[in-house]
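See structure below.
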Amino acid sequence: MKRKKRLKTIIMSSLTGLVVICFAFPFVWMLLASFKTQAQIMSPDEFLIFKPTGQNYVNVFSEYDFMKFIINSFIVAAGSTLGSLILGLPAAYAIARHRLQGLGLVILVARIIPGITFLIPWFIIFSQLGMVDSYLSLILSHMLVGLPFIIWVMISFFEGLPTEIEEAGLIDGCTPTQVFLRIVLPISGPGIVTSSLLSFIFSWNNFMFSIILAGDKTKTLPVAVFNFMSYSEINWGALMASACVITLPVLIIALLAQRFIVSGLAAGAVKG
C-alpha cells in the first residue's frame with residue numbers, strides 16, 4: 001500500500017510539474033526575450049546565458065508612448081467592469097431570488113454568442129452616432145461580454161446565500177433595496193471580486209473590439225502591439241517587452257486577489 005501510494009504521488013507530482021512547465025515556458029521565454037537584442041533572440045545558444053539589456057523597455061516607453069496606451073486600456077477595462085457590476089449585480093440577484101429562468105437563459109445565450117457577432121452592427125451604430133474612437137464606445141462594446149459573464153457568475157453565488165439573513169433584515173425594517181445594498185453585497189465580496197477581476201482581464205486583453213472601434217486617441221495595449229510588426233520584420237525585443245507590460249498588471253492583481261478568486265469560484269460552483 002505504501003509503495004502504491006508513493007508511486008501515485010510521484011506520478012501526480014510529475015504530471016503537475018509537466019503541466020506547470022508547459023504553461024510557464026512561454027511566459028519565461030517572453031520575459032527573457034524582453035531583455036535580449038534581436039540577434040540574441042534568434043540565437044539558440046543564448047536562450048539562458050546572455051548579456052541582458054533594458055533598451056527594449058526604453059524604446060517601448062520613449063519611442064512608442066506606451067504609457068498612453070496603458071492609461072487607455074485601464075480606462076476602458078475599469079469603465080466596462082464598473083458598468084457591468086452596476087447593471088449585473090442587481091440583475092443577477094433578481095434572477096437568483098425570483099427564479100427568472102427565462103431571463104437567465106437569455107443571459108446564457110448572450111454569454112455563448114461570439115463577440116464578433118456584434119462587431120459590425122456595433123461599428124455601424126457608433127459610426128452613425130459619431131462615437132468611433134471614444135472611450136464610451138469601447139466601454140459599451142466590452143460590456144457586451146463582461147455584463148453577461150458577471151451576471152452568470154453571480155447568479156450561482158447569490159443562490160448559495162442563505163435567505164434567512166435577508167429575511168431578518170426585512171423583519172428589522174429594511175427595504176428590499178437596503179437588504180441588497182447593506183446585507184447581500186457585503187457578504188458577496190469573493191464572488192464580486194472574482195467576476196470583476198475576470199471581466200477586467202477580458203477587457204484588458206481584448207483585441208477584436210479595439211481594432212475596429214479605437215483610433216489614435218483611444219488605442220489600447222493589444223492594438224498598440226502592432227507598432228512592432230511590419231511587412232519586412234518583427235521587432236521581437238520590443239514586442240516581448242510590450243507583452244510583459246501588458247501581462248504584469250493583470251498578473252499582480254491576480255496574485256493579490258487569488259484568495260478571493262478561489263473562494264468565489266468555489267462558492268459559485270456549488271449550484272452552477
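Quick note on naming: the chains in the C-alpha cells go A, B, ... in the order shown, residues restart at 1 in each chain, and ligands are numbered from 1 in order of appearance.
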
For A:Asn206: contacts at 9 Å, only C-alpha atoms, fewer than 3 positions along chain excluded, given as a list in words: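 Result of the neighbour search: His142, Ile201, Phe202, Ser203, Phe209, Ser210, Thr220, Leu221, Pro222 and Val223 of chain A.
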
Just write the chosen residues, N, CA and C atoms, as a PDB file, in the first residue's frame.
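out-v5.pdb, written as the output of this step:
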ATOM      1  N   HIS A 142     -17.210  46.362 -24.759  1.00  0.00           N
ATOM      2  CA  HIS A 142     -16.640  45.367 -23.850  1.00  0.00           C
ATOM      3  C   HIS A 142     -17.681  44.848 -22.858  1.00  0.00           C
ATOM      4  N   ILE A 201      -9.861  41.419 -16.793  1.00  0.00           N
ATOM      5  CA  ILE A 201      -8.834  40.766 -17.600  1.00  0.00           C
ATOM      6  C   ILE A 201      -9.301  40.617 -19.046  1.00  0.00           C
ATOM      7  N   PHE A 202     -10.566  40.238 -19.242  1.00  0.00           N
ATOM      8  CA  PHE A 202     -11.096  40.138 -20.602  1.00  0.00           C
ATOM      9  C   PHE A 202     -10.967  41.473 -21.319  1.00  0.00           C
ATOM     10  N   SER A 203     -11.410  42.544 -20.667  1.00  0.00           N
ATOM     11  CA  SER A 203     -11.377  43.859 -21.286  1.00  0.00           C
ATOM     12  C   SER A 203      -9.939  44.309 -21.534  1.00  0.00           C
ATOM     13  N   PHE A 209     -12.632  44.208 -30.477  1.00  0.00           N
ATOM     14  CA  PHE A 209     -13.400  45.451 -30.496  1.00  0.00           C
ATOM     15  C   PHE A 209     -12.499  46.663 -30.658  1.00  0.00           C
ATOM     16  N   SER A 210     -11.313  46.599 -30.042  1.00  0.00           N
ATOM     17  CA  SER A 210     -10.420  47.753 -30.069  1.00  0.00           C
ATOM     18  C   SER A 210      -9.866  48.010 -31.461  1.00  0.00           C
ATOM     19  N   THR A 220      -5.740  50.921 -27.457  1.00  0.00           N
ATOM     20  CA  THR A 220      -5.416  50.172 -26.246  1.00  0.00           C
ATOM     21  C   THR A 220      -4.166  49.317 -26.462  1.00  0.00           C
ATOM     22  N   LEU A 221      -3.710  48.674 -25.398  1.00  0.00           N
ATOM     23  CA  LEU A 221      -2.444  47.938 -25.432  1.00  0.00           C
ATOM     24  C   LEU A 221      -2.409  46.822 -26.483  1.00  0.00           C
ATOM     25  N   PRO A 222      -3.422  45.935 -26.572  1.00  0.00           N
ATOM     26  CA  PRO A 222      -3.336  44.859 -27.572  1.00  0.00           C
ATOM     27  C   PRO A 222      -3.193  45.378 -28.998  1.00  0.00           C
ATOM     28  N   VAL A 223      -3.828  46.507 -29.301  1.00  0.00           N
ATOM     29  CA  VAL A 223      -3.719  47.090 -30.640  1.00  0.00           C
ATOM     30  C   VAL A 223      -2.360  47.754 -30.821  1.00  0.00           C
TER      31      VAL A 223
END

At a cut-off of 10 Å, can you tabulate as a tab-separated table every residue of stretch 50-156 of chain A near stretch 185-198 of chain A together with its closest atom pair and the distance in Å to one decimal, using only C-alpha atoms and ordering rows by chain then number?
residue	atom	partner	partner_atom	distance
A:Ala77	CA	A:Leu197	CA	10.0
A:Ala78	CA	A:Ser196	CA	9.3
A:Ser80	CA	A:Ser196	CA	9.8
A:Thr81	CA	A:Ser196	CA	6.1
A:Leu82	CA	A:Ser196	CA	8.1
A:Ser84	CA	A:Ser196	CA	8.5
A:Leu85	CA	A:Ser196	CA	7.4
A:Leu89	CA	A:Ile192	CA	8.4
A:Pro90	CA	A:Leu185	CA	9.8
A:Tyr93	CA	A:Leu185	CA	9.8
A:Gly146	CA	A:Leu198	CA	8.5
A:Leu147	CA	A:Ser195	CA	9.7
A:Phe149	CA	A:Ser195	CA	7.4
A:Ile150	CA	A:Ser195	CA	5.3
A:Ile151	CA	A:Ser195	CA	8.7
A:Trp152	CA	A:Ser195	CA	9.3
A:Val153	CA	A:Ser195	CA	6.6
A:Met154	CA	A:Gly191	CA	6.5
A:Ile155	CA	A:Gly191	CA	9.8
A:Ser156	CA	A:Gly191	CA	9.4

Deliver the residues from the most recent selection as a file, using all heavy atoms, as a short mmCIF file (atom, residue, chain, number, x, y, z; two decimals), in the first residue's frame.
data_model
loop_
_atom_site.label_atom_id
_atom_site.label_comp_id
_atom_site.auth_asym_id
_atom_site.auth_seq_id
_atom_site.Cartn_x
_atom_site.Cartn_y
_atom_site.Cartn_z
N ALA A 77 -11.01 49.17 -19.42
CA ALA A 77 -11.23 47.97 -18.61
C ALA A 77 -11.96 48.31 -17.32
O ALA A 77 -12.91 47.61 -16.93
CB ALA A 77 -9.89 47.29 -18.31
N ALA A 78 -11.52 49.38 -16.63
CA ALA A 78 -12.19 49.76 -15.38
C ALA A 78 -13.61 50.24 -15.64
O ALA A 78 -14.53 49.91 -14.89
CB ALA A 78 -11.38 50.86 -14.69
N SER A 80 -15.68 49.45 -18.20
CA SER A 80 -16.57 48.34 -18.59
C SER A 80 -16.86 47.43 -17.40
O SER A 80 -17.99 46.95 -17.24
CB SER A 80 -15.95 47.54 -19.73
OG SER A 80 -14.74 46.92 -19.32
N THR A 81 -15.87 47.21 -16.54
CA THR A 81 -16.08 46.37 -15.36
C THR A 81 -17.04 47.05 -14.39
O THR A 81 -17.95 46.40 -13.86
CB THR A 81 -14.74 46.08 -14.66
OG1 THR A 81 -13.86 45.42 -15.58
CG2 THR A 81 -14.95 45.19 -13.44
N LEU A 82 -16.84 48.34 -14.15
CA LEU A 82 -17.72 49.06 -13.23
C LEU A 82 -19.14 49.11 -13.78
O LEU A 82 -20.11 48.88 -13.03
CB LEU A 82 -17.18 50.48 -13.02
CG LEU A 82 -17.99 51.39 -12.09
CD1 LEU A 82 -18.05 50.78 -10.69
CD2 LEU A 82 -17.39 52.79 -12.03
N SER A 84 -20.54 47.00 -15.84
CA SER A 84 -21.10 45.65 -15.78
C SER A 84 -21.53 45.29 -14.36
O SER A 84 -22.54 44.61 -14.16
CB SER A 84 -20.08 44.63 -16.30
OG SER A 84 -19.76 44.88 -17.65
N LEU A 85 -20.77 45.75 -13.36
CA LEU A 85 -21.14 45.49 -11.97
C LEU A 85 -22.41 46.23 -11.59
O LEU A 85 -23.30 45.68 -10.93
CB LEU A 85 -19.99 45.90 -11.04
CG LEU A 85 -18.77 44.98 -11.00
CD1 LEU A 85 -17.68 45.60 -10.14
CD2 LEU A 85 -19.13 43.60 -10.46
N LEU A 89 -25.01 43.13 -11.05
CA LEU A 89 -25.28 42.62 -9.70
C LEU A 89 -26.78 42.65 -9.37
O LEU A 89 -27.30 41.63 -8.90
CB LEU A 89 -24.47 43.42 -8.68
CG LEU A 89 -22.95 43.22 -8.73
CD1 LEU A 89 -22.26 44.10 -7.70
CD2 LEU A 89 -22.60 41.75 -8.50
N PRO A 90 -27.48 43.76 -9.58
CA PRO A 90 -28.94 43.72 -9.32
C PRO A 90 -29.66 42.71 -10.21
O PRO A 90 -30.60 42.04 -9.76
CB PRO A 90 -29.40 45.15 -9.62
CG PRO A 90 -28.17 45.98 -9.51
CD PRO A 90 -27.04 45.11 -9.98
N TYR A 93 -29.03 39.19 -8.88
CA TYR A 93 -29.75 38.98 -7.62
C TYR A 93 -31.24 38.75 -7.89
O TYR A 93 -31.86 37.87 -7.28
CB TYR A 93 -29.55 40.18 -6.71
CG TYR A 93 -30.26 40.08 -5.39
CD1 TYR A 93 -29.82 39.19 -4.41
CD2 TYR A 93 -31.38 40.86 -5.11
CE1 TYR A 93 -30.47 39.09 -3.19
CE2 TYR A 93 -32.03 40.76 -3.89
CZ TYR A 93 -31.57 39.88 -2.94
OH TYR A 93 -32.23 39.78 -1.73
N GLY A 146 -18.60 41.31 -20.86
CA GLY A 146 -18.39 41.38 -19.42
C GLY A 146 -19.67 41.32 -18.62
O GLY A 146 -19.73 40.66 -17.57
N LEU A 147 -20.74 41.98 -19.09
CA LEU A 147 -22.00 42.02 -18.35
C LEU A 147 -22.65 40.64 -18.24
O LEU A 147 -22.99 40.21 -17.12
CB LEU A 147 -22.95 43.02 -19.00
CG LEU A 147 -24.34 43.16 -18.37
CD1 LEU A 147 -24.23 43.57 -16.90
CD2 LEU A 147 -25.18 44.19 -19.14
N PHE A 149 -21.21 37.80 -18.41
CA PHE A 149 -20.33 36.96 -17.60
C PHE A 149 -20.54 37.22 -16.11
O PHE A 149 -20.66 36.29 -15.32
CB PHE A 149 -18.87 37.22 -17.99
CG PHE A 149 -17.89 36.48 -17.14
CD1 PHE A 149 -17.63 35.15 -17.36
CD2 PHE A 149 -17.25 37.11 -16.07
CE1 PHE A 149 -16.73 34.45 -16.56
CE2 PHE A 149 -16.36 36.43 -15.28
CZ PHE A 149 -16.11 35.09 -15.52
N ILE A 150 -20.57 38.49 -15.72
CA ILE A 150 -20.75 38.83 -14.31
C ILE A 150 -22.11 38.35 -13.82
O ILE A 150 -22.24 37.79 -12.72
CB ILE A 150 -20.61 40.36 -14.11
CG1 ILE A 150 -19.12 40.75 -14.22
CG2 ILE A 150 -21.16 40.79 -12.75
CD1 ILE A 150 -18.86 42.22 -14.07
N ILE A 151 -23.15 38.52 -14.63
CA ILE A 151 -24.48 38.07 -14.23
C ILE A 151 -24.49 36.56 -14.03
O ILE A 151 -25.01 36.07 -13.02
CB ILE A 151 -25.53 38.49 -15.29
CG1 ILE A 151 -25.70 40.01 -15.31
CG2 ILE A 151 -26.88 37.82 -15.01
CD1 ILE A 151 -26.65 40.50 -16.39
N TRP A 152 -23.91 35.84 -14.96
CA TRP A 152 -23.97 34.37 -14.88
C TRP A 152 -23.18 33.85 -13.68
O TRP A 152 -23.61 32.90 -13.02
CB TRP A 152 -23.45 33.78 -16.18
CG TRP A 152 -23.75 32.32 -16.30
CD1 TRP A 152 -22.88 31.29 -16.27
CD2 TRP A 152 -25.04 31.73 -16.44
NE1 TRP A 152 -23.53 30.09 -16.39
CE2 TRP A 152 -24.86 30.33 -16.51
CE3 TRP A 152 -26.33 32.25 -16.53
CZ2 TRP A 152 -25.92 29.45 -16.65
CZ3 TRP A 152 -27.39 31.37 -16.67
CH2 TRP A 152 -27.18 29.98 -16.73
N VAL A 153 -22.04 34.44 -13.40
CA VAL A 153 -21.25 34.01 -12.24
C VAL A 153 -21.98 34.34 -10.94
O VAL A 153 -22.06 33.51 -10.02
CB VAL A 153 -19.86 34.68 -12.25
CG1 VAL A 153 -19.13 34.44 -10.93
CG2 VAL A 153 -19.02 34.15 -13.41
N MET A 154 -22.56 35.52 -10.85
CA MET A 154 -23.17 35.96 -9.61
C MET A 154 -24.53 35.31 -9.34
O MET A 154 -24.97 35.26 -8.20
CB MET A 154 -23.31 37.49 -9.60
CG MET A 154 -21.99 38.24 -9.56
SD MET A 154 -20.90 37.72 -8.20
CE MET A 154 -21.92 38.14 -6.78
N ILE A 155 -25.20 34.82 -10.38
CA ILE A 155 -26.46 34.11 -10.15
C ILE A 155 -26.21 32.91 -9.24
O ILE A 155 -26.91 32.71 -8.23
CB ILE A 155 -27.09 33.65 -11.49
CG1 ILE A 155 -27.68 34.84 -12.23
CG2 ILE A 155 -28.19 32.61 -11.23
CD1 ILE A 155 -28.22 34.48 -13.61
N SER A 156 -25.23 32.11 -9.58
CA SER A 156 -24.92 30.93 -8.76
C SER A 156 -24.46 31.33 -7.36
O SER A 156 -24.79 30.67 -6.37
CB SER A 156 -23.82 30.10 -9.44
OG SER A 156 -24.26 29.61 -10.68
#

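With distances taken over only C-alpha atoms, A:Pro148 is the one residue among A:Met12, A:Met143, A:Gly83, A:Pro148 lying closest to A:Val106.
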
Need the shell around A:Thr247: protein/DNA/RNA residues with any atom at most 10 Å away, counting only C-alpha atoms. Skip same-chain ones fewer than 3 positions apart. Format as number ranges by chain? A: 27, 201, 204-205, 241-244, 250-252

Could you write out the selected residues, including N, CA and C atoms, as a CSV table (one decimal), in the first residue's frame?
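selection.csv was written with the following content:
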chain,number,residue,atom,x,y,z
A,27,PHE,N,5.8,32.1,-20.9
A,27,PHE,CA,6.0,33.3,-20.1
A,27,PHE,C,7.5,33.6,-19.8
A,201,ILE,N,-9.9,41.4,-16.8
A,201,ILE,CA,-8.8,40.8,-17.6
A,201,ILE,C,-9.3,40.6,-19.0
A,204,TRP,N,-9.1,44.1,-20.6
A,204,TRP,CA,-7.7,44.5,-20.7
A,204,TRP,C,-7.0,43.8,-21.9
A,205,ASN,N,-7.3,42.5,-22.2
A,205,ASN,CA,-6.7,41.8,-23.2
A,205,ASN,C,-7.5,41.8,-24.5
A,241,ALA,N,8.9,43.0,-24.7
A,241,ALA,CA,8.8,43.9,-23.7
A,241,ALA,C,7.4,44.5,-23.5
A,242,SER,N,6.7,44.8,-24.6
A,242,SER,CA,5.4,45.3,-24.5
A,242,SER,C,4.4,44.2,-24.0
A,243,ALA,N,4.7,42.9,-24.4
A,243,ALA,CA,3.8,41.8,-23.9
A,243,ALA,C,4.0,41.7,-22.4
A,244,CYS,N,5.2,41.9,-21.9
A,244,CYS,CA,5.4,41.9,-20.4
A,244,CYS,C,4.7,43.0,-19.7
A,250,VAL,N,-2.1,42.6,-14.8
A,250,VAL,CA,-3.1,41.5,-14.6
A,250,VAL,C,-2.5,40.5,-13.7
A,251,LEU,N,-1.2,40.1,-13.9
A,251,LEU,CA,-0.6,39.1,-13.0
A,251,LEU,C,-0.5,39.5,-11.6
A,252,ILE,N,-0.2,40.8,-11.3
A,252,ILE,CA,-0.1,41.3,-10.0
A,252,ILE,C,-1.5,41.3,-9.3

Write down as a ChimeraX atom specification the residues of stretch 9-230 of chain A whose backbone DSSP state falls under alpha helix (DSSP H). /A:9-33,38-42,55-62,66-98,101-112,119-129,135-159,163-171,176-179,185-187,189-205,208-213,221-224

Kindly export the residues of the current selection with C-alpha atoms, as a short mmCIF file (atom, residue, chain, number, x, y, z; two decimals), in the first residue's frame.
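Output saved as part04.cif:
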data_model
loop_
_atom_site.label_atom_id
_atom_site.label_comp_id
_atom_site.auth_asym_id
_atom_site.auth_seq_id
_atom_site.Cartn_x
_atom_site.Cartn_y
_atom_site.Cartn_z
CA THR A 9 2.37 10.63 -5.52
CA ILE A 10 5.35 10.51 -7.86
CA ILE A 11 3.13 10.20 -10.93
CA MET A 12 0.86 13.07 -9.84
CA SER A 13 3.85 15.26 -9.00
CA SER A 14 5.42 14.52 -12.37
CA LEU A 15 2.21 15.32 -14.25
CA THR A 16 1.74 18.51 -12.24
CA GLY A 17 5.32 19.53 -12.95
CA LEU A 18 4.85 18.84 -16.67
CA VAL A 19 1.70 20.99 -16.79
CA VAL A 20 3.44 23.81 -14.91
CA ILE A 21 6.38 23.70 -17.31
CA CYS A 22 4.11 23.77 -20.36
CA PHE A 23 2.25 26.81 -19.06
CA ALA A 24 5.29 28.61 -17.64
CA PHE A 25 7.65 28.14 -20.59
CA PRO A 26 6.03 30.74 -22.91
CA PHE A 27 5.99 33.32 -20.12
CA VAL A 28 9.64 32.63 -19.20
CA TRP A 29 10.65 32.85 -22.87
CA MET A 30 8.78 36.14 -23.23
CA LEU A 31 10.39 37.60 -20.11
CA LEU A 32 13.91 36.56 -21.14
CA ALA A 33 13.40 37.78 -24.70
CA GLN A 38 17.19 40.92 -31.86
CA ALA A 39 20.29 38.83 -32.60
CA GLN A 40 20.24 37.22 -29.14
CA ILE A 41 16.58 36.25 -29.52
CA MET A 42 17.32 34.49 -32.80
CA GLN A 55 16.83 49.07 -24.21
CA ASN A 56 13.65 47.30 -25.30
CA TYR A 57 11.70 48.78 -22.39
CA VAL A 58 13.26 52.19 -23.02
CA ASN A 59 12.12 52.05 -26.64
CA VAL A 60 8.62 50.92 -25.68
CA PHE A 61 8.02 53.90 -23.40
CA SER A 62 10.10 56.57 -25.14
CA PHE A 66 3.23 53.15 -24.29
CA MET A 67 2.09 54.91 -21.14
CA LYS A 68 -0.74 56.47 -23.14
CA PHE A 69 -1.91 53.03 -24.24
CA ILE A 70 -1.72 51.74 -20.65
CA ILE A 71 -3.96 54.59 -19.49
CA ASN A 72 -6.40 53.94 -22.34
CA SER A 73 -6.60 50.24 -21.51
CA PHE A 74 -7.10 50.95 -17.82
CA ILE A 75 -9.90 53.46 -18.50
CA VAL A 76 -11.72 51.05 -20.81
CA ALA A 77 -11.23 47.97 -18.61
CA ALA A 78 -12.19 49.76 -15.38
CA GLY A 79 -15.14 51.51 -17.03
CA SER A 80 -16.57 48.34 -18.59
CA THR A 81 -16.08 46.37 -15.36
CA LEU A 82 -17.72 49.06 -13.23
CA GLY A 83 -20.63 49.42 -15.66
CA SER A 84 -21.10 45.65 -15.78
CA LEU A 85 -21.14 45.49 -11.97
CA ILE A 86 -23.67 48.31 -11.62
CA LEU A 87 -26.06 46.62 -14.05
CA GLY A 88 -25.12 42.99 -13.49
CA LEU A 89 -25.28 42.62 -9.70
CA PRO A 90 -28.94 43.72 -9.32
CA ALA A 91 -29.88 41.65 -12.38
CA ALA A 92 -28.16 38.53 -11.04
CA TYR A 93 -29.75 38.98 -7.62
CA ALA A 94 -33.23 39.39 -9.13
CA ILE A 95 -32.79 36.29 -11.31
CA ALA A 96 -31.49 34.23 -8.37
CA ARG A 97 -34.16 35.25 -5.86
CA HIS A 98 -37.20 35.38 -8.14
CA GLN A 101 -35.19 31.05 -15.54
CA GLY A 102 -36.22 32.59 -18.86
CA LEU A 103 -34.14 35.69 -18.31
CA GLY A 104 -31.27 33.54 -17.07
CA LEU A 105 -31.43 31.55 -20.31
CA VAL A 106 -31.27 34.76 -22.33
CA ILE A 107 -28.19 35.82 -20.37
CA LEU A 108 -26.60 32.42 -21.01
CA VAL A 109 -27.26 32.71 -24.74
CA ALA A 110 -25.75 36.20 -24.74
CA ARG A 111 -22.73 34.76 -22.94
CA ILE A 112 -22.32 31.98 -25.52
CA LEU A 119 -18.93 43.82 -34.12
CA ILE A 120 -20.37 45.06 -37.44
CA PRO A 121 -23.73 46.30 -36.01
CA TRP A 122 -21.85 47.98 -33.16
CA PHE A 123 -19.49 49.71 -35.61
CA ILE A 124 -22.39 50.93 -37.80
CA ILE A 125 -24.28 52.31 -34.78
CA PHE A 126 -21.26 54.10 -33.34
CA SER A 127 -20.30 55.46 -36.77
CA GLN A 128 -23.76 56.95 -37.19
CA LEU A 129 -23.55 58.49 -33.72
CA TYR A 135 -13.92 55.62 -24.58
CA LEU A 136 -17.69 55.19 -24.32
CA SER A 137 -17.91 53.08 -27.48
CA LEU A 138 -15.15 50.76 -26.25
CA ILE A 139 -16.62 50.50 -22.75
CA LEU A 140 -20.08 49.62 -24.08
CA SER A 141 -18.69 47.08 -26.55
CA HIS A 142 -16.64 45.37 -23.85
CA MET A 143 -19.71 45.24 -21.62
CA LEU A 144 -21.39 43.02 -24.23
CA VAL A 145 -19.21 40.20 -22.95
CA GLY A 146 -18.39 41.38 -19.42
CA LEU A 147 -22.00 42.02 -18.35
CA PRO A 148 -23.40 38.53 -19.18
CA PHE A 149 -20.33 36.96 -17.60
CA ILE A 150 -20.75 38.83 -14.31
CA ILE A 151 -24.48 38.07 -14.23
CA TRP A 152 -23.97 34.37 -14.88
CA VAL A 153 -21.25 34.01 -12.24
CA MET A 154 -23.17 35.96 -9.61
CA ILE A 155 -26.46 34.11 -10.15
CA SER A 156 -24.92 30.93 -8.76
CA PHE A 157 -23.25 32.88 -5.96
CA PHE A 158 -26.47 34.62 -4.85
CA GLU A 159 -28.38 31.33 -5.00
CA THR A 163 -32.23 33.60 2.62
CA GLU A 164 -32.61 33.75 6.42
CA ILE A 165 -30.18 36.68 6.59
CA GLU A 166 -32.23 38.68 4.12
CA GLU A 167 -35.48 37.80 5.88
CA ALA A 168 -34.00 39.01 9.17
CA GLY A 169 -33.14 42.32 7.52
CA LEU A 170 -36.70 42.71 6.23
CA ILE A 171 -38.07 41.99 9.70
CA PRO A 176 -35.50 45.12 -0.34
CA THR A 177 -33.05 47.65 -1.78
CA GLN A 178 -31.43 48.18 1.62
CA VAL A 179 -31.20 44.42 2.14
CA LEU A 185 -23.39 42.83 -1.30
CA PRO A 186 -21.03 42.93 1.75
CA ILE A 187 -21.19 39.14 2.17
CA GLY A 189 -17.26 40.00 -1.67
CA PRO A 190 -15.48 36.88 -3.01
CA GLY A 191 -17.92 36.46 -5.88
CA ILE A 192 -17.83 40.16 -6.77
CA VAL A 193 -14.02 40.23 -6.71
CA THR A 194 -13.80 37.08 -8.84
CA SER A 195 -16.25 38.21 -11.51
CA SER A 196 -14.80 41.74 -11.53
CA LEU A 197 -11.25 40.53 -11.98
CA LEU A 198 -12.12 38.11 -14.78
CA SER A 199 -14.18 40.80 -16.52
CA PHE A 200 -11.30 43.28 -16.15
CA ILE A 201 -8.83 40.77 -17.60
CA PHE A 202 -11.10 40.14 -20.60
CA SER A 203 -11.38 43.86 -21.29
CA TRP A 204 -7.65 44.47 -20.70
CA ASN A 205 -6.71 41.77 -23.23
CA MET A 208 -11.25 42.46 -31.52
CA PHE A 209 -13.40 45.45 -30.50
CA SER A 210 -10.42 47.75 -30.07
CA ILE A 211 -9.00 47.15 -33.55
CA ILE A 212 -12.31 48.30 -35.08
CA LEU A 213 -13.65 50.93 -32.67
CA LEU A 221 -2.44 47.94 -25.43
CA PRO A 222 -3.34 44.86 -27.57
CA VAL A 223 -3.72 47.09 -30.64
CA ALA A 224 -0.57 49.09 -29.84
#

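For the atom pair formed by atom CA of A:Gly160 and atom CA of A:Leu256, the distance is 24.9 Å, given to one decimal.
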
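Shortest separation to A:Tyr64 among A:Ile49, A:Leu239, A:Met131, A:Leu255 occurs at residue A:Leu239, atoms counted being only C-alpha atoms.
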
As an exercise, work out the distance from atom CA of A:Asp133 to atom CA of A:Gly115 in Å and give it to one decimal place. 18.7 Å

Please, what distance in Å, to one decimal, runs between atom CA of A:Gly130 and atom CA of A:Pro114? 25.1 Å
